[in-house]
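Structure file query-v3.pdb (PDB, C-alpha atoms) follows.
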ATOM      1  CA  MET A   1      -6.323  10.104   4.563
ATOM      2  CA  THR A   2      -4.828   6.991   2.992
ATOM      3  CA  ALA A   3      -6.325   3.854   1.573
ATOM      4  CA  SER A   4      -3.714   1.182   1.177
ATOM      5  CA  LYS A   5      -1.640  -0.368   3.871
ATOM      6  CA  PRO A   6       1.360  -2.313   2.640
ATOM      7  CA  ALA A   7       3.178  -4.161   5.369
ATOM      8  CA  LYS A   8       6.150  -2.363   6.803
ATOM      9  CA  ASN A   9       9.117  -2.822   4.473
ATOM     10  CA  ALA A  10       6.918  -4.736   2.006
ATOM     11  CA  TYR A  11       8.153  -5.083  -1.540
ATOM     12  CA  THR A  12       5.803  -2.832  -3.514
ATOM     13  CA  GLY A  13       6.673  -3.860  -7.055
ATOM     14  CA  SER A  14       7.669  -0.305  -7.884
ATOM     15  CA  PRO A  15      10.437   0.227 -10.386
ATOM     16  CA  LYS A  16      13.547   1.911  -9.039
ATOM     17  CA  THR A  17      13.131   4.890 -11.364
ATOM     18  CA  GLN A  18      11.276   8.184 -10.956
ATOM     19  CA  GLY A  19       7.529   8.294 -11.396
ATOM     20  CA  GLU A  20       4.639   6.146 -10.291
ATOM     21  CA  PRO A  21       5.031   2.403  -9.978
ATOM     22  CA  VAL A  22       3.370   0.063 -12.423
ATOM     23  CA  TYR A  23       2.375  -2.445  -9.723
ATOM     24  CA  LEU A  24       1.373  -2.211  -6.090
ATOM     25  CA  ALA A  25       1.596  -5.077  -3.588
ATOM     26  CA  VAL A  26      -1.830  -5.893  -2.131
ATOM     27  CA  GLY A  27      -1.177  -9.249  -0.514
ATOM     28  CA  LEU A  28       1.255 -12.025   0.270
ATOM     29  CA  LEU A  29       0.595 -15.637  -0.689
ATOM     30  CA  ARG A  30       1.325 -17.772   2.358
ATOM     31  CA  ARG A  31       0.691 -21.521   2.427
ATOM     32  CA  PRO A  32      -1.338 -23.974   0.349
ATOM     33  CA  HIS A  33      -4.634 -25.091   1.851
ATOM     34  CA  GLY A  34      -6.164 -28.448   1.049
ATOM     35  CA  VAL A  35      -5.523 -30.392  -2.150
ATOM     36  CA  ARG A  36      -7.563 -28.416  -4.730
ATOM     37  CA  GLY A  37      -5.180 -25.527  -5.404
ATOM     38  CA  GLU A  38      -6.199 -23.023  -2.735
ATOM     39  CA  ILE A  39      -3.664 -20.799  -0.983
ATOM     40  CA  MET A  40      -3.880 -18.486   2.022
ATOM     41  CA  LEU A  41      -3.608 -14.790   1.135
ATOM     42  CA  GLU A  42      -2.362 -12.318   3.753
ATOM     43  CA  ILE A  43      -4.220  -9.136   2.838
ATOM     44  CA  GLN A  44      -2.091  -5.962   2.640
ATOM     45  CA  THR A  45      -4.690  -3.471   1.431
ATOM     46  CA  ASP A  46      -7.727  -1.635   2.754
ATOM     47  CA  HIS A  47      -9.702  -2.933  -0.240
ATOM     48  CA  PRO A  48     -10.133  -6.719   0.174
ATOM     49  CA  GLU A  49     -13.278  -6.504  -1.956
ATOM     50  CA  GLN A  50     -11.025  -6.502  -5.026
ATOM     51  CA  PHE A  51     -10.168 -10.195  -4.527
ATOM     52  CA  ILE A  52     -13.141 -11.507  -6.512
ATOM     53  CA  SER A  53     -13.553 -14.323  -9.006
ATOM     54  CA  GLY A  54     -12.474 -13.184 -12.455
ATOM     55  CA  ALA A  55     -10.100 -10.466 -11.211
ATOM     56  CA  THR A  56      -6.549 -10.582 -12.582
ATOM     57  CA  PHE A  57      -3.543 -10.066 -10.330
ATOM     58  CA  TYR A  58       0.198 -10.380 -10.849
ATOM     59  CA  ILE A  59       2.408 -12.767  -8.895
ATOM     60  CA  GLY A  60       6.022 -12.317  -7.840
ATOM     61  CA  LYS A  61       8.784 -10.143  -9.196
ATOM     62  CA  LYS A  62       8.094 -11.337 -12.750
ATOM     63  CA  HIS A  63       4.460 -10.197 -12.395
ATOM     64  CA  LEU A  64       2.964 -13.416 -13.762
ATOM     65  CA  PRO A  65      -0.724 -12.645 -14.526
ATOM     66  CA  LEU A  66      -3.225 -14.982 -12.863
ATOM     67  CA  THR A  67      -7.013 -14.775 -12.601
ATOM     68  CA  ILE A  68      -8.851 -15.629  -9.403
ATOM     69  CA  ARG A  69     -11.048 -18.715  -9.772
ATOM     70  CA  SER A  70     -12.540 -18.638  -6.263
ATOM     71  CA  ASN A  71     -12.179 -16.955  -2.898
ATOM     72  CA  ARG A  72     -13.509 -17.377   0.626
ATOM     73  CA  PRO A  73     -12.749 -15.913   4.035
ATOM     74  CA  HIS A  74     -10.436 -17.895   6.272
ATOM     75  CA  LYS A  75      -9.131 -16.718   9.661
ATOM     76  CA  PRO A  76      -7.120 -13.486   9.264
ATOM     77  CA  GLY A  77      -6.994 -13.602   5.453
ATOM     78  CA  ILE A  78      -8.736 -15.285   2.572
ATOM     79  CA  LEU A  79      -8.276 -18.499   0.662
ATOM     80  CA  ILE A  80      -7.978 -17.984  -3.072
ATOM     81  CA  ALA A  81      -7.586 -20.289  -6.051
ATOM     82  CA  PHE A  82      -6.403 -19.300  -9.519
ATOM     83  CA  GLU A  83      -7.650 -20.448 -12.890
ATOM     84  CA  GLY A  84      -5.473 -23.220 -14.320
ATOM     85  CA  ILE A  85      -4.052 -24.257 -10.933
ATOM     86  CA  HIS A  86      -5.902 -27.170  -9.362
ATOM     87  CA  ASP A  87      -3.494 -28.988  -7.042
ATOM     88  CA  ARG A  88      -1.520 -28.385  -3.875
ATOM     89  CA  ASP A  89       1.943 -28.875  -5.401
ATOM     90  CA  GLU A  90       1.374 -26.390  -8.208
ATOM     91  CA  ILE A  91      -0.068 -23.667  -5.941
ATOM     92  CA  GLY A  92       2.723 -24.343  -3.441
ATOM     93  CA  LYS A  93       5.224 -22.949  -5.961
ATOM     94  CA  LEU A  94       3.661 -19.505  -5.394
ATOM     95  CA  ARG A  95       4.202 -19.599  -1.635
ATOM     96  CA  ASN A  96       5.704 -16.446  -0.046
ATOM     97  CA  GLN A  97       5.323 -14.372  -3.209
ATOM     98  CA  HIS A  98       3.602 -11.010  -3.323
ATOM     99  CA  LEU A  99       0.312 -10.480  -5.107
ATOM    100  CA  PHE A 100       0.231  -7.242  -7.101
ATOM    101  CA  VAL A 101      -2.406  -5.118  -8.756
ATOM    102  CA  ASN A 102      -1.696  -2.945 -11.770
ATOM    103  CA  ILE A 103      -1.914   0.695 -10.685
ATOM    104  CA  ALA A 104      -4.231   1.397 -13.627
ATOM    105  CA  ASP A 105      -6.692  -1.184 -12.201
ATOM    106  CA  LEU A 106      -6.945   0.384  -8.730
ATOM    107  CA  PRO A 107     -10.422   1.592  -7.823
ATOM    108  CA  PRO A 108     -10.788   5.370  -7.753
ATOM    109  CA  LEU A 109     -10.884   6.874  -4.272
ATOM    110  CA  PRO A 110     -13.248   9.535  -2.960
ATOM    111  CA  LYS A 111     -12.049  13.134  -2.964
ATOM    112  CA  GLY A 112      -9.516  13.714  -0.173
ATOM    113  CA  LYS A 113      -8.425  10.046   0.019
ATOM    114  CA  TYR A 114      -5.078   8.854  -1.328
ATOM    115  CA  TYR A 115      -3.163   5.642  -1.796
ATOM    116  CA  ASP A 116      -0.003   5.499   0.308
ATOM    117  CA  TYR A 117       2.217   5.276  -2.772
ATOM    118  CA  GLN A 118       0.854   8.657  -3.921
ATOM    119  CA  LEU A 119       1.971  10.347  -0.693
ATOM    120  CA  ILE A 120       5.448   8.873  -0.245
ATOM    121  CA  GLY A 121       8.016  11.388  -1.515
ATOM    122  CA  LEU A 122       5.809  14.487  -1.219
ATOM    123  CA  GLU A 123       7.559  17.652  -0.058
ATOM    124  CA  VAL A 124       6.107  18.599   3.342
ATOM    125  CA  ILE A 125       5.672  22.360   3.752
ATOM    126  CA  GLU A 126       4.763  24.241   6.946
ATOM    127  CA  LYS A 127       1.842  26.386   5.801
ATOM    128  CA  ALA A 128       2.474  29.358   8.137
ATOM    129  CA  SER A 129       6.131  29.910   7.190
ATOM    130  CA  GLY A 130       6.285  28.226   3.777
ATOM    131  CA  LYS A 131       9.361  26.366   5.049
ATOM    132  CA  SER A 132      10.108  22.880   3.755
ATOM    133  CA  LEU A 133      10.196  20.300   6.538
ATOM    134  CA  GLY A 134      11.521  17.535   4.270
ATOM    135  CA  LYS A 135      10.032  14.667   2.314
ATOM    136  CA  LEU A 136       7.461  12.137   3.455
ATOM    137  CA  LYS A 137       9.485   8.918   3.706
ATOM    138  CA  GLU A 138       7.189   6.450   5.457
ATOM    139  CA  ILE A 139       3.613   6.004   6.618
ATOM    140  CA  ILE A 140       3.359   4.261   9.970
ATOM    141  CA  LYS A 141       0.095   2.449  10.616
ATOM    142  CA  THR A 142      -1.237   2.794  14.160
ATOM    143  CA  GLY A 143      -4.562   1.912  15.720
ATOM    144  CA  ALA A 144      -5.890   5.465  15.912
ATOM    145  CA  ASN A 145      -4.477   7.231  12.842
ATOM    146  CA  ASP A 146      -1.545   7.017  10.472
ATOM    147  CA  VAL A 147       1.688   8.785  11.378
ATOM    148  CA  TYR A 148       3.801  10.371   8.642
ATOM    149  CA  LEU A 149       7.582  10.128   8.985
ATOM    150  CA  VAL A 150       9.164  13.217   7.432
ATOM    151  CA  LYS A 151      12.892  13.186   6.730
ATOM    152  CA  PRO A 152      14.574  16.581   6.279
ATOM    153  CA  LYS A 153      17.734  16.937   4.198
ATOM    154  CA  SER A 154      19.576  17.480   7.457
ATOM    155  CA  GLY A 155      18.408  17.207  11.000
ATOM    156  CA  LYS A 156      16.052  15.088  13.018
ATOM    157  CA  GLU A 157      13.158  13.123  11.566
ATOM    158  CA  LEU A 158       9.688  14.490  12.254
ATOM    159  CA  LEU A 159       6.593  12.444  13.084
ATOM    160  CA  LEU A 160       3.272  14.006  12.066
ATOM    161  CA  PRO A 161      -0.117  12.552  12.968
ATOM    162  CA  ALA A 162      -2.286  12.218   9.870
ATOM    163  CA  ILE A 163      -5.193  14.172  11.297
ATOM    164  CA  PRO A 164      -7.103  17.108   9.756
ATOM    165  CA  ASP A 165      -5.688  19.591  12.309
ATOM    166  CA  VAL A 166      -2.151  18.821  11.075
ATOM    167  CA  ILE A 167      -2.498  17.759   7.426
ATOM    168  CA  LEU A 168      -4.078  20.797   5.777
ATOM    169  CA  ASP A 169      -3.714  20.170   2.046
ATOM    170  CA  ILE A 170      -2.324  17.592  -0.356
ATOM    171  CA  ASP A 171      -1.456  18.697  -3.875
ATOM    172  CA  LEU A 172      -0.322  15.709  -5.936
ATOM    173  CA  ALA A 173       0.238  17.863  -9.040
ATOM    174  CA  GLN A 174       2.768  20.006  -7.121
ATOM    175  CA  SER A 175       4.090  17.007  -5.107
ATOM    176  CA  GLN A 176       3.454  18.904  -1.883
ATOM    177  CA  MET A 177       1.688  18.469   1.425
ATOM    178  CA  SER A 178       0.875  21.536   3.549
ATOM    179  CA  VAL A 179       0.872  21.026   7.308
ATOM    180  CA  PHE A 180       0.243  22.918  10.539
ATOM    181  CA  LEU A 181       2.650  22.111  13.359
ATOM    182  CA  LEU A 182       0.751  21.721  16.610
ATOM    183  CA  ASP A 183       2.559  22.678  19.810
ATOM    184  CA  GLY A 184       4.904  19.901  20.875
ATOM    185  CA  LEU A 185       5.428  18.328  17.436
ATOM    186  CA  VAL A 186       8.798  20.021  16.970
ATOM    187  CA  GLU A 187      11.433  20.594  19.642
TER     188      GLU A 187
END
Show me the file's structure as structure tokens.
Amino acid sequence: MTASKPAKNAYTGSPKTQGEPVYLAVGLLRRPHGVRGEIMLEIQTDHPEQFISGATFYIGKKHLPLTIRSNRPHKPGILIAFEGIHDRDEIGKLRNQHLFVNIADLPPLPKGKYYDYQLIGLEVIEKASGKSLGKLKEIIKTGANDVYLVKPKSGKELLLPAIPDVILDIDLAQSQMSVFLLDGLVE
């Protein structure tokens, strides 16, 4: 159902106001590698193919634009280098900062696929009764499928597996998600 996987509690770059964010965190710059300006990138997206030479990303809370000069796989992430940065000390200043993409630059997804940021905040409605179950507050990444944490205005949080039998319809224009509650999901 979803296509981006920010780390739990990751800073997304979203403004604190209503509406869609301008930036979305897609990685975290870790440690410099070697002496030629490379840095390890911890990937926090399902689309690592976007980290190509010539692509522009935004670094840190100030969203400093930088263009990728080179990239190569390395252990669990990738090593990247940016244009204009050619030494270890200079790239080291970017350590532990998030790498963002402008929302407008995100690749379009196939029909029925959504970015996590599009789903957070949707009103979750039980299709059979039309009753609101609350708002989608968090997407928990598991090995098998995502789990949606729904927080009602009052009462106990609800965990819904993001599977076709449960998630029936997503209407971004209406900010709603229709669901079917399988036996055992609600006490």
query: Residues picked by the PyMOL selection byres ((chain A and resi 165) around 10) here, as a ChimeraX atom specification?
result: /A:161-164,166-168,179-182
Those residues with C-alpha atoms, as a PDB file, in the coordinates of the input please?
ATOM      1  CA  PRO A 161      -0.117  12.552  12.968  1.00  0.00           C
ATOM      2  CA  ALA A 162      -2.286  12.218   9.870  1.00  0.00           C
ATOM      3  CA  ILE A 163      -5.193  14.172  11.297  1.00  0.00           C
ATOM      4  CA  PRO A 164      -7.103  17.108   9.756  1.00  0.00           C
ATOM      5  CA  VAL A 166      -2.151  18.821  11.075  1.00  0.00           C
ATOM      6  CA  ILE A 167      -2.498  17.759   7.426  1.00  0.00           C
ATOM      7  CA  LEU A 168      -4.078  20.797   5.777  1.00  0.00           C
ATOM      8  CA  VAL A 179       0.872  21.026   7.308  1.00  0.00           C
ATOM      9  CA  PHE A 180       0.243  22.918  10.539  1.00  0.00           C
ATOM     10  CA  LEU A 181       2.650  22.111  13.359  1.00  0.00           C
ATOM     11  CA  LEU A 182       0.751  21.721  16.610  1.00  0.00           C
TER      12      LEU A 182
END
- request: To one decimal in Å, tell me the separation between atom CA of Gln118 of chain A and atom CA of Ile170 of chain A.
  value: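 Going from atom CA of Gln118 of chain A over to atom CA of Ile170 of chain A, I get 10.1 Å.
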- request: Name the closest residue to Ala55 of chain A among the candidates A:Asp146, A:Asp183, A:Glu123, A:Glu83; distances are taken between atoms, counting only C-alpha atoms.
  value: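 Smallest distance to Ala55 of chain A is found for A:Glu83.
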Hits of the PyMOL selection byres ((chain A and resi 41-53) around 8) in this structure, as an MDAnalysis selection string: chainID A and resid 3:7 25:30 39:40 54:55 67:71 76:80
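Distances from A:Lys93, A:His86, A:His74, A:His63 to Arg36 of chain A were compared using all atoms listed in the file, and the smallest one belongs to A:His86.
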query: What separation in Å, quoted to one decimal, exists between atom CA of Ile59 of chain A and atom CA of Gln97 of chain A?
result: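 Separating atom CA of Ile59 of chain A from atom CA of Gln97 of chain A is a distance of 6.6 Å.
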Would you compute the box with edges along x, y and z of the file around segment 50-66 of chain A, including every atom the file lists for it and 3 Å extra on each side, and give its centre and edge lengths in Å to one decimal, as lines of an AutoDock Vina configuration file?
center_x = -2.4
center_y = -10.7
center_z = -9.5
size_x = 28.3
size_y = 14.5
size_z = 16.0
task: May I ask which of the residues A:Asn102, A:Ser132, A:Ser175, A:Thr142 is the closest one to Tyr23 of chain A, counting all atoms listed in the file?
output: A:Asn102
